$ cat work-v5.tsv   # TSV, C-alpha atoms
chain	number	residue	atom	x	y	z
A	1	MET	CA	-2.95	14.09	-24.95
A	2	PRO	CA	-5.26	12.22	-22.50
A	3	LEU	CA	-4.45	8.88	-20.87
A	4	LYS	CA	-5.98	5.72	-22.36
A	5	ARG	CA	-8.83	3.85	-20.56
A	6	THR	CA	-7.53	0.27	-20.74
A	7	ILE	CA	-7.87	-1.05	-17.14
A	8	THR	CA	-10.75	-3.43	-16.41
A	9	LEU	CA	-12.14	-4.35	-12.95
A	10	PRO	CA	-10.13	-7.63	-12.62
A	11	LEU	CA	-6.92	-5.86	-13.63
A	12	LEU	CA	-7.66	-3.05	-11.19
A	13	VAL	CA	-8.26	-5.49	-8.31
A	14	LEU	CA	-4.97	-7.25	-9.09
A	15	TYR	CA	-3.23	-3.86	-9.31
A	16	GLY	CA	-4.56	-2.97	-5.86
A	17	LEU	CA	-3.71	-6.37	-4.37
A	18	GLY	CA	-0.21	-6.22	-5.82
A	19	ASN	CA	0.35	-2.91	-4.10
A	20	ILE	CA	-1.17	-3.99	-0.77
A	21	LEU	CA	0.46	-7.42	-0.53
A	22	GLY	CA	3.92	-6.50	-1.86
A	23	ALA	CA	6.30	-5.38	0.87
A	24	GLY	CA	3.90	-5.45	3.77
A	25	ILE	CA	3.66	-9.16	4.44
A	26	TYR	CA	6.79	-10.31	2.64
A	27	VAL	CA	9.13	-7.88	4.40
A	28	LEU	CA	7.54	-6.29	7.45
A	29	ILE	CA	5.88	-9.23	9.20
A	30	GLY	CA	9.20	-9.90	10.92
A	31	LYS	CA	9.52	-6.29	12.06
A	32	VAL	CA	5.94	-6.29	13.39
A	33	SER	CA	6.71	-9.51	15.31
A	34	GLY	CA	9.70	-7.79	16.88
A	35	VAL	CA	7.49	-5.24	18.67
A	36	ALA	CA	4.15	-7.09	19.05
A	37	GLY	CA	5.48	-10.57	19.82
A	38	LEU	CA	2.91	-13.37	19.87
A	39	LEU	CA	0.17	-10.77	19.48
A	40	THR	CA	1.34	-9.90	15.96
A	41	PRO	CA	-2.01	-11.11	14.46
A	42	LEU	CA	-3.78	-8.67	16.80
A	43	SER	CA	-1.58	-5.84	15.47
A	44	PHE	CA	-2.65	-6.73	11.93
A	45	PHE	CA	-6.29	-6.81	13.05
A	46	VAL	CA	-6.03	-3.36	14.66
A	47	ALA	CA	-4.38	-2.04	11.51
A	48	SER	CA	-7.19	-3.47	9.36
A	49	LEU	CA	-9.81	-1.69	11.49
A	50	LEU	CA	-7.92	1.53	10.96
A	51	VAL	CA	-8.18	1.32	7.18
A	52	VAL	CA	-11.81	0.14	6.83
A	53	THR	CA	-13.43	3.58	7.12
A	54	THR	CA	-10.72	5.04	4.89
A	55	ALA	CA	-11.46	2.46	2.20
A	56	PHE	CA	-15.11	3.53	2.16
A	57	THR	CA	-14.12	7.20	2.04
A	58	PHE	CA	-11.81	6.59	-0.92
A	59	SER	CA	-14.49	4.49	-2.61
A	60	GLU	CA	-16.94	7.38	-2.61
A	61	LEU	CA	-14.38	10.07	-3.49
A	62	SER	CA	-12.94	8.05	-6.40
A	63	SER	CA	-16.46	7.46	-7.71
A	64	ARG	CA	-17.31	11.18	-7.46
A	65	TYR	CA	-14.05	12.39	-9.05
A	66	PRO	CA	-12.35	9.64	-11.15
A	67	VAL	CA	-9.19	11.58	-12.04
A	68	SER	CA	-5.40	11.29	-11.66
A	69	ALA	CA	-3.85	13.08	-8.65
A	70	GLY	CA	-7.05	11.97	-6.91
A	71	GLU	CA	-6.35	13.06	-3.32
A	72	ALA	CA	-5.13	16.50	-4.36
A	73	VAL	CA	-8.23	16.99	-6.51
A	74	TYR	CA	-10.53	15.76	-3.70
A	75	LEU	CA	-9.08	18.36	-1.34
A	76	PHE	CA	-9.46	21.08	-3.97
A	77	LYS	CA	-13.08	20.10	-4.61
A	78	ALA	CA	-13.78	20.23	-0.87
A	79	PHE	CA	-12.07	23.52	0.02
A	80	GLY	CA	-11.21	25.23	-3.27
A	81	ASN	CA	-7.66	25.99	-2.14
A	82	LYS	CA	-5.01	25.27	-4.74
A	83	TYR	CA	-2.08	25.44	-2.32
A	84	SER	CA	-3.48	22.95	0.19
A	85	ALA	CA	-4.25	20.60	-2.71
A	86	LEU	CA	-0.69	21.02	-4.01
A	87	ILE	CA	0.77	20.23	-0.56
A	88	ILE	CA	-1.34	17.07	-0.18
A	89	GLY	CA	-0.41	16.02	-3.72
A	90	LEU	CA	3.28	16.38	-2.93
A	91	MET	CA	2.74	14.44	0.31
A	92	ILE	CA	1.15	11.62	-1.69
A	93	THR	CA	4.06	11.59	-4.11
A	94	THR	CA	6.39	11.48	-1.10
A	95	THR	CA	4.58	8.47	0.35
A	96	GLY	CA	4.81	6.75	-3.02
A	97	VAL	CA	8.56	7.17	-3.27
A	98	LEU	CA	9.07	6.34	0.43
A	99	SER	CA	7.00	3.17	0.00
A	100	ALA	CA	8.84	2.16	-3.16
A	101	SER	CA	12.15	2.78	-1.38
A	102	THR	CA	10.99	0.57	1.52
A	103	ILE	CA	10.03	-2.15	-0.93
A	104	THR	CA	13.30	-1.91	-2.84
A	105	VAL	CA	15.40	-2.25	0.33
A	106	GLY	CA	13.32	-5.33	1.22
A	107	PHE	CA	14.16	-6.78	-2.20
A	108	VAL	CA	17.84	-6.91	-1.27
A	109	GLY	CA	17.10	-9.12	1.77
A	110	TYR	CA	15.47	-11.80	-0.40
A	111	LEU	CA	18.06	-11.47	-3.17
A	112	GLN	CA	20.89	-12.13	-0.70
A	113	ILE	CA	19.50	-15.63	-0.10
A	114	PHE	CA	20.72	-16.40	-3.63
A	115	ILE	CA	23.78	-14.16	-3.92
A	116	ASP	CA	25.89	-11.98	-1.63
A	117	ILE	CA	25.56	-8.63	-3.36
A	118	ASN	CA	26.11	-5.00	-2.44
A	119	LYS	CA	22.80	-3.14	-2.17
A	120	TYR	CA	23.96	-0.48	-4.65
A	121	LEU	CA	24.49	-3.16	-7.29
A	122	ALA	CA	21.04	-4.61	-6.58
A	123	ILE	CA	18.90	-1.48	-6.20
A	124	ILE	CA	19.99	0.65	-9.14
A	125	PRO	CA	19.55	-1.98	-11.93
A	126	ILE	CA	16.13	-3.11	-10.65
A	127	LEU	CA	14.86	0.48	-10.49
A	128	LEU	CA	16.11	1.15	-14.01
A	129	LEU	CA	14.25	-1.95	-15.24
A	130	LEU	CA	11.01	-0.98	-13.47
A	131	SER	CA	11.23	2.60	-14.71
A	132	ALA	CA	11.61	1.34	-18.29
A	133	LEU	CA	8.56	-0.91	-17.87
A	134	ALA	CA	6.49	1.94	-16.42
A	135	ILE	CA	7.50	4.15	-19.37
A	136	TRP	CA	6.75	1.42	-21.92
A	137	GLY	CA	2.97	1.65	-21.39
A	138	ILE	CA	0.25	1.52	-18.74
A	139	LYS	CA	-1.42	-1.56	-20.22
A	140	GLN	CA	1.85	-3.48	-20.32
A	141	SER	CA	2.75	-2.26	-16.81
A	142	ILE	CA	-0.63	-3.25	-15.34
A	143	GLN	CA	-0.56	-6.64	-17.07
A	144	ALA	CA	2.93	-7.29	-15.70
A	145	ALA	CA	1.76	-6.17	-12.24
A	146	ALA	CA	-1.28	-8.48	-12.49
A	147	LEU	CA	0.91	-11.48	-13.36
A	148	LEU	CA	3.31	-10.71	-10.52
A	149	THR	CA	0.35	-10.29	-8.14
A	150	LEU	CA	-0.93	-13.77	-8.97
A	151	ILE	CA	2.55	-15.14	-8.26
A	152	GLU	CA	2.86	-13.34	-4.90
A	153	ILE	CA	-0.64	-14.51	-3.84
A	154	SER	CA	0.41	-18.07	-4.69
A	155	GLY	CA	3.42	-17.67	-2.38
A	156	LEU	CA	1.19	-16.66	0.52
A	157	LEU	CA	-1.23	-19.51	-0.22
A	158	ILE	CA	1.71	-21.93	-0.12
A	159	ILE	CA	2.57	-20.65	3.38
A	160	ILE	CA	-1.06	-21.05	4.46
A	161	TRP	CA	-1.23	-24.59	3.01
A	162	PHE	CA	1.91	-25.81	4.77
A	163	GLY	CA	0.88	-24.11	8.02
A	164	ARG	CA	-2.78	-25.17	7.94
A	165	ASP	CA	-2.33	-27.65	10.81
A	166	TYR	CA	-1.38	-24.78	13.16
A	167	LEU	CA	-4.63	-22.87	12.62
A	168	PRO	CA	-7.00	-25.15	14.63
A	169	ASN	CA	-4.51	-25.18	17.53
A	170	ILE	CA	-3.97	-21.44	17.97
A	171	ASP	CA	-3.49	-20.47	21.64
A	172	THR	CA	-6.51	-18.22	22.15
A	173	GLN	CA	-5.70	-17.65	25.84
A	174	ILE	CA	-3.09	-14.99	25.04
A	175	TYR	CA	-5.76	-12.95	23.23
A	176	ILE	CA	-8.24	-13.42	26.10
A	177	ASP	CA	-5.56	-12.20	28.53
A	178	ALA	CA	-4.79	-9.23	26.30
A	179	PHE	CA	-8.42	-8.11	26.30
A	180	ALA	CA	-8.41	-8.14	30.09
A	181	PHE	CA	-6.41	-4.89	29.65
A	182	ASN	CA	-4.21	-5.61	32.67
A	183	ASP	CA	-0.93	-4.90	30.89
A	184	ALA	CA	-0.45	-1.43	29.38
A	185	ALA	CA	3.00	-2.33	28.03
A	186	LEU	CA	1.51	-5.27	26.12
A	187	TRP	CA	-0.99	-3.00	24.36
A	188	ALA	CA	1.73	-0.45	23.68
A	189	GLY	CA	3.50	-3.23	21.76
A	190	VAL	CA	0.30	-4.15	19.92
A	191	PHE	CA	-0.28	-0.55	18.81
A	192	ALA	CA	3.37	-0.06	17.89
A	193	GLY	CA	3.10	-3.23	15.82
A	194	ALA	CA	-0.16	-2.00	14.31
A	195	PHE	CA	1.57	1.20	13.22
A	196	LEU	CA	4.07	-0.89	11.25
A	197	ALA	CA	1.37	-3.36	10.13
A	198	PHE	CA	-0.66	-0.42	8.86
A	199	TYR	CA	1.96	-0.09	6.14
A	200	ALA	CA	1.02	-3.60	5.00
A	201	PHE	CA	-2.56	-2.46	4.27
A	202	ILE	CA	-1.86	0.73	2.39
A	203	GLY	CA	-1.98	0.58	-1.37
A	204	PHE	CA	-5.73	0.64	-1.99
A	205	GLU	CA	-5.57	4.45	-1.95
A	206	ASP	CA	-3.02	4.40	-4.79
A	207	MET	CA	-5.63	2.87	-7.05
A	208	VAL	CA	-7.44	6.21	-7.37
A	209	ASN	CA	-4.44	7.69	-9.18
A	210	VAL	CA	-4.97	5.49	-12.24
A	211	ALA	CA	-8.69	6.37	-12.39
A	212	GLU	CA	-8.32	8.15	-15.75
A	213	GLU	CA	-7.10	4.85	-17.22
A	214	VAL	CA	-9.95	2.71	-15.77
A	215	LYS	CA	-13.02	1.65	-17.72
A	216	ASN	CA	-16.31	2.77	-16.07
A	217	PRO	CA	-14.45	4.24	-13.06
A	218	GLU	CA	-17.60	5.44	-11.21
A	219	LYS	CA	-18.55	1.81	-10.55
A	220	ASN	CA	-15.26	-0.07	-10.86
A	221	MET	CA	-13.13	2.10	-8.56
A	222	PRO	CA	-15.24	1.50	-5.38
A	223	ARG	CA	-15.67	-2.20	-6.16
A	224	ALA	CA	-11.95	-2.72	-6.71
A	225	ILE	CA	-10.89	-0.83	-3.57
A	226	LEU	CA	-13.16	-2.81	-1.24
A	227	LEU	CA	-12.47	-6.18	-2.91
A	228	SER	CA	-8.69	-5.70	-2.74
A	229	LEU	CA	-8.74	-4.76	0.92
A	230	ALA	CA	-11.06	-7.63	1.92
A	231	ILE	CA	-8.90	-10.26	0.19
A	232	ALA	CA	-5.70	-8.83	1.70
A	233	THR	CA	-7.16	-8.81	5.23
A	234	ILE	CA	-8.08	-12.51	5.08
A	235	ILE	CA	-4.64	-13.49	3.78
A	236	TYR	CA	-2.79	-11.36	6.37
A	237	THR	CA	-4.77	-12.82	9.26
A	238	LEU	CA	-3.98	-16.40	8.27
A	239	VAL	CA	-0.31	-15.79	7.48
A	240	SER	CA	0.40	-13.84	10.69
A	241	LEU	CA	-1.26	-16.53	12.83
A	242	ILE	CA	0.88	-19.21	11.17
A	243	ALA	CA	4.04	-17.08	11.38
A	244	VAL	CA	4.08	-16.59	15.18
A	245	SER	CA	2.97	-20.21	15.72
A	246	THR	CA	5.90	-21.51	13.68
A	247	ILE	CA	8.90	-19.36	14.68
A	248	SER	CA	9.64	-17.16	17.68
A	249	PRO	CA	8.84	-13.48	17.07
A	250	GLN	CA	12.40	-12.44	17.94
A	251	THR	CA	13.85	-14.80	15.31
A	252	LEU	CA	11.39	-13.46	12.74
A	253	ALA	CA	12.38	-9.90	13.61
A	254	GLU	CA	16.06	-10.61	13.01
A	255	HIS	CA	15.57	-12.24	9.60
A	256	ASP	CA	15.63	-10.15	6.39
A	257	ALA	CA	13.47	-12.66	4.48
A	258	PRO	CA	10.96	-13.82	7.13
A	259	LEU	CA	8.49	-15.67	4.89
A	260	ALA	CA	11.30	-17.67	3.32
A	261	LEU	CA	12.34	-18.73	6.82
A	262	ILE	CA	8.75	-19.68	7.73
A	263	TYR	CA	8.39	-21.73	4.53
A	264	GLN	CA	11.65	-23.57	5.22
A	265	GLN	CA	10.54	-24.37	8.77
A	266	LEU	CA	7.07	-25.56	7.73
A	267	SER	CA	7.97	-27.58	4.67
A	268	GLY	CA	11.53	-28.72	5.32
A	269	PHE	CA	12.39	-27.60	1.79
A	270	SER	CA	14.90	-25.00	0.61
A	271	PRO	CA	13.71	-21.40	1.16
A	272	ASN	CA	14.53	-20.57	-2.46
A	273	LEU	CA	10.96	-20.95	-3.76
A	274	ILE	CA	9.44	-18.38	-1.39
A	275	ALA	CA	12.55	-16.21	-1.64
A	276	GLY	CA	12.07	-16.06	-5.41
A	277	ILE	CA	8.37	-15.30	-5.08
A	278	GLY	CA	9.17	-12.70	-2.42
A	279	MET	CA	11.53	-10.95	-4.82
A	280	LEU	CA	8.84	-10.85	-7.50
A	281	ALA	CA	6.28	-9.55	-4.99
A	282	ILE	CA	8.60	-6.78	-3.92
A	283	ILE	CA	9.40	-5.86	-7.53
A	284	ASN	CA	5.66	-5.70	-8.19
A	285	GLY	CA	5.08	-3.34	-5.27
A	286	ALA	CA	7.86	-1.05	-6.43
A	287	LEU	CA	6.51	-0.97	-10.00
A	288	ILE	CA	3.05	-0.02	-8.79
A	289	GLN	CA	4.42	2.76	-6.60
A	290	ILE	CA	6.41	4.17	-9.51
A	291	ILE	CA	3.26	4.21	-11.63
A	292	MET	CA	1.22	5.84	-8.84
A	293	ALA	CA	3.71	8.58	-7.92
A	294	SER	CA	4.34	9.50	-11.56
A	295	ARG	CA	0.58	9.75	-12.18
A	296	VAL	CA	0.18	12.12	-9.21
A	297	LEU	CA	2.90	14.37	-10.61
A	298	TYR	CA	1.26	14.14	-14.04
A	299	GLY	CA	-2.18	14.94	-12.61
A	300	MET	CA	-0.95	17.96	-10.66
A	301	SER	CA	0.85	19.24	-13.74
A	302	ARG	CA	-2.38	18.92	-15.75
A	303	GLN	CA	-4.09	21.00	-13.04
A	304	HIS	CA	-1.33	23.62	-13.61
A	305	TRP	CA	0.04	23.13	-10.08
A	306	LEU	CA	3.43	21.78	-11.21
A	307	PRO	CA	5.70	22.47	-14.23
A	308	GLU	CA	4.16	21.63	-17.59
A	309	LEU	CA	7.02	19.23	-18.39
A	310	LEU	CA	5.74	16.68	-15.84
A	311	GLY	CA	2.34	16.58	-17.55
A	312	ARG	CA	3.66	15.67	-20.98
A	313	VAL	CA	2.49	12.29	-22.29
A	314	ASN	CA	4.65	10.54	-24.87
A	315	VAL	CA	2.79	9.99	-28.14
A	316	LYS	CA	4.16	6.45	-28.67
A	317	THR	CA	3.94	5.04	-25.14
A	318	GLY	CA	0.98	7.05	-23.83
A	319	THR	CA	2.81	7.52	-20.50
A	320	PRO	CA	4.25	10.56	-18.61
A	321	ILE	CA	7.95	9.87	-19.18
A	322	TYR	CA	9.46	12.85	-17.35
A	323	ALA	CA	7.30	12.32	-14.27
A	324	THR	CA	8.33	8.63	-14.23
A	325	ILE	CA	12.04	9.42	-14.48
A	326	LEU	CA	11.88	12.00	-11.66
A	327	THR	CA	9.99	9.52	-9.46
A	328	THR	CA	12.56	6.77	-10.02
A	329	VAL	CA	15.55	9.00	-9.24
A	330	ILE	CA	14.05	10.06	-5.89
A	331	ILE	CA	13.23	6.42	-5.00
A	332	ALA	CA	16.82	5.39	-5.67
A	333	ILE	CA	18.23	8.15	-3.44
A	334	LEU	CA	15.97	7.24	-0.50
A	335	ALA	CA	16.47	3.47	-0.87
A	336	LEU	CA	20.24	3.91	-0.70
A	337	TRP	CA	20.08	6.35	2.21
A	338	LEU	CA	17.51	5.25	4.84
A	339	PRO	CA	16.95	1.92	6.72
A	340	ILE	CA	13.79	-0.07	6.01
A	341	VAL	CA	11.99	0.49	9.34
A	342	THR	CA	12.50	4.27	9.11
A	343	LEU	CA	11.14	4.25	5.56
A	344	ALA	CA	8.09	2.20	6.57
A	345	GLU	CA	7.33	4.37	9.62
A	346	LEU	CA	7.63	7.60	7.61
A	347	THR	CA	5.35	6.14	4.93
A	348	SER	CA	2.73	5.15	7.52
A	349	LEU	CA	2.88	8.57	9.20
A	350	PHE	CA	2.43	10.48	5.94
A	351	ILE	CA	-0.36	8.16	4.80
A	352	LEU	CA	-2.27	8.55	8.10
A	353	ILE	CA	-2.09	12.33	7.77
A	354	ILE	CA	-3.32	12.13	4.17
A	355	PHE	CA	-6.14	9.79	5.18
A	356	SER	CA	-7.24	12.27	7.85
A	357	PHE	CA	-7.42	15.02	5.25
A	358	MET	CA	-9.43	12.79	2.91
A	359	HIS	CA	-12.00	12.09	5.62
A	360	LEU	CA	-12.17	15.83	6.28
A	361	ALA	CA	-12.63	16.50	2.56
A	362	LEU	CA	-15.53	14.04	2.25
A	363	ILE	CA	-17.20	15.48	5.36
A	364	SER	CA	-17.00	18.94	3.78
A	365	ILE	CA	-18.28	17.72	0.40
A	366	LYS	CA	-21.22	15.95	2.03
A	367	THR	CA	-22.00	18.87	4.34
A	368	ASN	CA	-22.03	21.30	1.42
A	369	LYS	CA	-24.24	18.86	-0.54
A	370	GLN	CA	-22.18	19.06	-3.73
A	371	SER	CA	-24.03	17.72	-6.77
A	372	VAL	CA	-23.32	14.10	-7.60
A	373	SER	CA	-24.13	11.66	-10.40
A	374	SER	CA	-26.68	8.92	-9.80
A	375	ASN	CA	-23.91	6.37	-10.59
A	376	VAL	CA	-21.94	7.37	-7.50
A	377	ARG	CA	-22.12	5.05	-4.48
A	378	GLN	CA	-22.57	7.21	-1.36
A	379	TYR	CA	-22.03	6.26	2.30
A	380	HIS	CA	-23.30	7.79	5.54
A	381	ILE	CA	-21.36	10.79	6.88
A	382	THR	CA	-20.54	8.92	10.11
A	383	ILE	CA	-17.99	6.84	8.17
A	384	PRO	CA	-15.59	9.72	7.39
A	385	ILE	CA	-16.20	11.16	10.88
A	386	VAL	CA	-15.12	7.91	12.56
A	387	GLY	CA	-12.22	7.64	10.12
A	388	LEU	CA	-11.05	11.17	10.92
A	389	VAL	CA	-11.10	10.51	14.68
A	390	THR	CA	-9.29	7.14	14.50
A	391	ASN	CA	-6.64	8.25	11.99
A	392	THR	CA	-5.86	11.45	13.87
A	393	GLY	CA	-5.72	9.51	17.14
A	394	PHE	CA	-3.24	7.06	15.68
A	395	VAL	CA	-1.00	9.90	14.42
A	396	LEU	CA	-1.00	11.44	17.91
A	397	PHE	CA	-0.24	8.03	19.49
A	398	TYR	CA	2.78	7.61	17.20
A	399	LEU	CA	4.10	11.14	17.79
A	400	VAL	CA	3.74	10.80	21.58
A	401	SER	CA	5.21	7.28	21.76
$ encode --input "work-v5.tsv" --output "structure tokens"
Amino acid sequence: MPLKRTITLPLLVLYGLGNILGAGIYVLIGKVSGVAGLLTPLSFFVASLLVVTTAFTFSELSSRYPVSAGEAVYLFKAFGNKYSALIIGLMITTTGVLSASTITVGFVGYLQIFIDINKYLAIIPILLLLSALAIWGIKQSIQAAALLTLIEISGLLIIIWFGRDYLPNIDTQIYIDAFAFNDAALWAGVFAGAFLAFYAFIGFEDMVNVAEEVKNPEKNMPRAILLSLAIATIIYTLVSLIAVSTISPQTLAEHDAPLALIYQQLSGFSPNLIAGIGMLAIINGALIQIIMASRVLYGMSRQHWLPELLGRVNVKTGTPIYATILTTVIIAILALWLPIVTLAELTSLFILIIFSFMHLALISIKTNKQSVSSNVRQYHITIPIVGLVTNTGFVLFYLVS
């Protein structure tokens, strides 16, 4: 039974934004501040440059091959090797569950503003609820994700509104000094922060794994990917500038709900409003990751690379129930086992490796001049080449450092 095409362009953009904005800015901005200090906005800027070429690569690949298990299929189309495609597909599933685990651990930090609760009692019920929603139906799941995305964007806009007076008075001298390149340790902190901040930008690539449920995917997939990333970049830049202008980076790094702290400092009000929105944002990110990872397992099963059970679609719900259950169980185990920074760093490392392979796949496809529909938006081959070099370089930087 095939998946249903029910996702429109606006819903797809909100789906992408929900995934990108979720944990990244609500949870990790404090951790980025801890290593990058006052240059935290520069770390976010470096991270955004890292993902630009990748966004264009995914835009073209998703337009060429609008199918579930997108990355695995792209690699197979490029090199014709089932085993390499299976490995990359499993890596993508791993990043999905690692990311969802990161997000779920972040949820506990915001929840504890309201109630002192053991993380086991918080994590397991929320994952059961999200799994049930993902099983209920893709249309219902995407609509819920879209609503939660609008709420989490409103939370970030509230921060920007209350911190607007800081923006004209940003100390630009620290950035001028940084670009004098006199302090290697300073740039080591910026790049270390960018590696964590990179996690805040990932999510656009997950959009390709619901391609079989998108209306007119050849046109809507590229549009949605680029729109989502552009909106997220603008919001991140403004919020990170306000964050380090409001509270010391070290204080941000030590707080489990950094945006709630920033809101309290800026407005003088209780942090409960942003804490509540932060919880919803985090829940949204986890829901989207559950949907993505289960669709990758489903897609690989349909390609006969994984057991047939994972490719079964329930007649009533139109969703891959077994793949969703397996995904949720793994997320719960990781969330209860590993700390949040470790989860985020592992997610970023896996994603960078996957991105490098995707650039390599598009270079191969373009070089071999594979046939393509006239509806497909194509970009110059220099884009995946630059993306391959920068992504691989960043992986090496992380491994060495």
$ residues_around --input "work-v5.tsv" --residues "A:Met300" --least-positions-apart "2" --cutoff "12 Å" --atoms "only C-alpha atoms" --output "ChimeraX atom specification"
/A:67-73,76,82-83,85-90,92-93,209,293-298,302-312,323
$ closest_residue --input "work-v5.tsv" --among "A:Ser374, A:Thr237, A:Asn182, A:Ser228" --to "A:Ser63" --atoms "all atoms listed in the file"
A:Ser374
$ residues_around --input "work-v5.tsv" --residues "A:Leu148" --least-positions-apart "4" --cutoff "9 Å" --atoms "all atoms listed in the file" --output "PyMOL selection string"
chain A and resi 18+143-144+152-153+277+280-281+283-284
$ residues_around --input "work-v5.tsv" --residues "A:Thr172" --least-positions-apart "5" --cutoff "12 Å" --atoms "all atoms listed in the file" --output "list in words"
Leu38, Leu39, Pro41, Leu42, Leu167, Asp177, Ala178, Phe179, Leu241 and Ser245 of chain A
$ closest_residue --input "work-v5.tsv" --among "A:Ser248, A:Asn272, A:Thr102, A:Ser356" --to "A:Trp337" --atoms "all atoms listed in the file"
A:Thr102
$ closest_atom_pairs --input "work-v5.tsv" --of "stretch 155-263 of chain A" --to "stretch 7-13 of chain A" --cutoff "8 Å" --atoms "all atoms listed in the file" --output "Markdown table"
| residue | atom | partner | partner_atom | distance |
| --- | --- | --- | --- | --- |
| A:Met207 | CA | A:Leu12 | CA | 7.5 |
| A:Glu213 | CA | A:Ile7 | CA | 6.0 |
| A:Val214 | CA | A:Ile7 | CA | 4.5 |
| A:Lys215 | CA | A:Thr8 | CA | 5.7 |
| A:Asn220 | CA | A:Leu9 | CA | 5.7 |
| A:Met221 | CA | A:Leu9 | CA | 7.9 |
| A:Arg223 | CA | A:Leu9 | CA | 7.9 |
| A:Ala224 | CA | A:Val13 | CA | 4.9 |
| A:Ile225 | CA | A:Val13 | CA | 7.1 |
| A:Leu227 | CA | A:Val13 | CA | 6.9 |
| A:Ser228 | CA | A:Val13 | CA | 5.6 |
$ write_last_selection --input "work-v5.tsv" --atoms "C-alpha atoms" --output "compact mmCIF listing (two decimals), in the coordinates of the input"
# COMPACT_ATOMS: atom_id res chain seq x y z
CA MET A 207 -5.63 2.87 -7.05
CA GLU A 213 -7.10 4.85 -17.22
CA VAL A 214 -9.95 2.71 -15.77
CA LYS A 215 -13.02 1.65 -17.72
CA ASN A 220 -15.26 -0.07 -10.86
CA MET A 221 -13.13 2.10 -8.56
CA ARG A 223 -15.67 -2.20 -6.16
CA ALA A 224 -11.95 -2.72 -6.71
CA ILE A 225 -10.89 -0.83 -3.57
CA LEU A 227 -12.47 -6.18 -2.91
CA SER A 228 -8.69 -5.70 -2.74
$ residues_around --input "work-v5.tsv" --residues "A:Ser43" --least-positions-apart "5" --cutoff "12 Å" --atoms "all atoms listed in the file" --output "JSON, numbers by chain"
{"A": [29, 31, 32, 33, 34, 35, 36, 37, 38, 48, 49, 50, 175, 178, 186, 187, 188, 189, 190, 191, 192, 193, 194, 195, 196, 197, 198, 199, 200, 201, 236, 237, 240, 241]}
$ write_last_selection --input "work-v5.tsv" --atoms "C-alpha atoms" --output "PDB file, in the coordinates of the input"
ATOM      1  CA  ILE A  29       5.880  -9.230   9.200  1.00  0.00           C
ATOM      2  CA  LYS A  31       9.520  -6.290  12.060  1.00  0.00           C
ATOM      3  CA  VAL A  32       5.940  -6.290  13.390  1.00  0.00           C
ATOM      4  CA  SER A  33       6.710  -9.510  15.310  1.00  0.00           C
ATOM      5  CA  GLY A  34       9.700  -7.790  16.880  1.00  0.00           C
ATOM      6  CA  VAL A  35       7.490  -5.240  18.670  1.00  0.00           C
ATOM      7  CA  ALA A  36       4.150  -7.090  19.050  1.00  0.00           C
ATOM      8  CA  GLY A  37       5.480 -10.570  19.820  1.00  0.00           C
ATOM      9  CA  LEU A  38       2.910 -13.370  19.870  1.00  0.00           C
ATOM     10  CA  SER A  48      -7.190  -3.470   9.360  1.00  0.00           C
ATOM     11  CA  LEU A  49      -9.810  -1.690  11.490  1.00  0.00           C
ATOM     12  CA  LEU A  50      -7.920   1.530  10.960  1.00  0.00           C
ATOM     13  CA  TYR A 175      -5.760 -12.950  23.230  1.00  0.00           C
ATOM     14  CA  ALA A 178      -4.790  -9.230  26.300  1.00  0.00           C
ATOM     15  CA  LEU A 186       1.510  -5.270  26.120  1.00  0.00           C
ATOM     16  CA  TRP A 187      -0.990  -3.000  24.360  1.00  0.00           C
ATOM     17  CA  ALA A 188       1.730  -0.450  23.680  1.00  0.00           C
ATOM     18  CA  GLY A 189       3.500  -3.230  21.760  1.00  0.00           C
ATOM     19  CA  VAL A 190       0.300  -4.150  19.920  1.00  0.00           C
ATOM     20  CA  PHE A 191      -0.280  -0.550  18.810  1.00  0.00           C
ATOM     21  CA  ALA A 192       3.370  -0.060  17.890  1.00  0.00           C
ATOM     22  CA  GLY A 193       3.100  -3.230  15.820  1.00  0.00           C
ATOM     23  CA  ALA A 194      -0.160  -2.000  14.310  1.00  0.00           C
ATOM     24  CA  PHE A 195       1.570   1.200  13.220  1.00  0.00           C
ATOM     25  CA  LEU A 196       4.070  -0.890  11.250  1.00  0.00           C
ATOM     26  CA  ALA A 197       1.370  -3.360  10.130  1.00  0.00           C
ATOM     27  CA  PHE A 198      -0.660  -0.420   8.860  1.00  0.00           C
ATOM     28  CA  TYR A 199       1.960  -0.090   6.140  1.00  0.00           C
ATOM     29  CA  ALA A 200       1.020  -3.600   5.000  1.00  0.00           C
ATOM     30  CA  PHE A 201      -2.560  -2.460   4.270  1.00  0.00           C
ATOM     31  CA  TYR A 236      -2.790 -11.360   6.370  1.00  0.00           C
ATOM     32  CA  THR A 237      -4.770 -12.820   9.260  1.00  0.00           C
ATOM     33  CA  SER A 240       0.400 -13.840  10.690  1.00  0.00           C
ATOM     34  CA  LEU A 241      -1.260 -16.530  12.830  1.00  0.00           C
TER      35      LEU A 241
END
$ atom_distance --input "work-v5.tsv" --atom1 "atom CA of A:Arg164" --atom2 "atom CA of A:Ala145"
28.1 Å
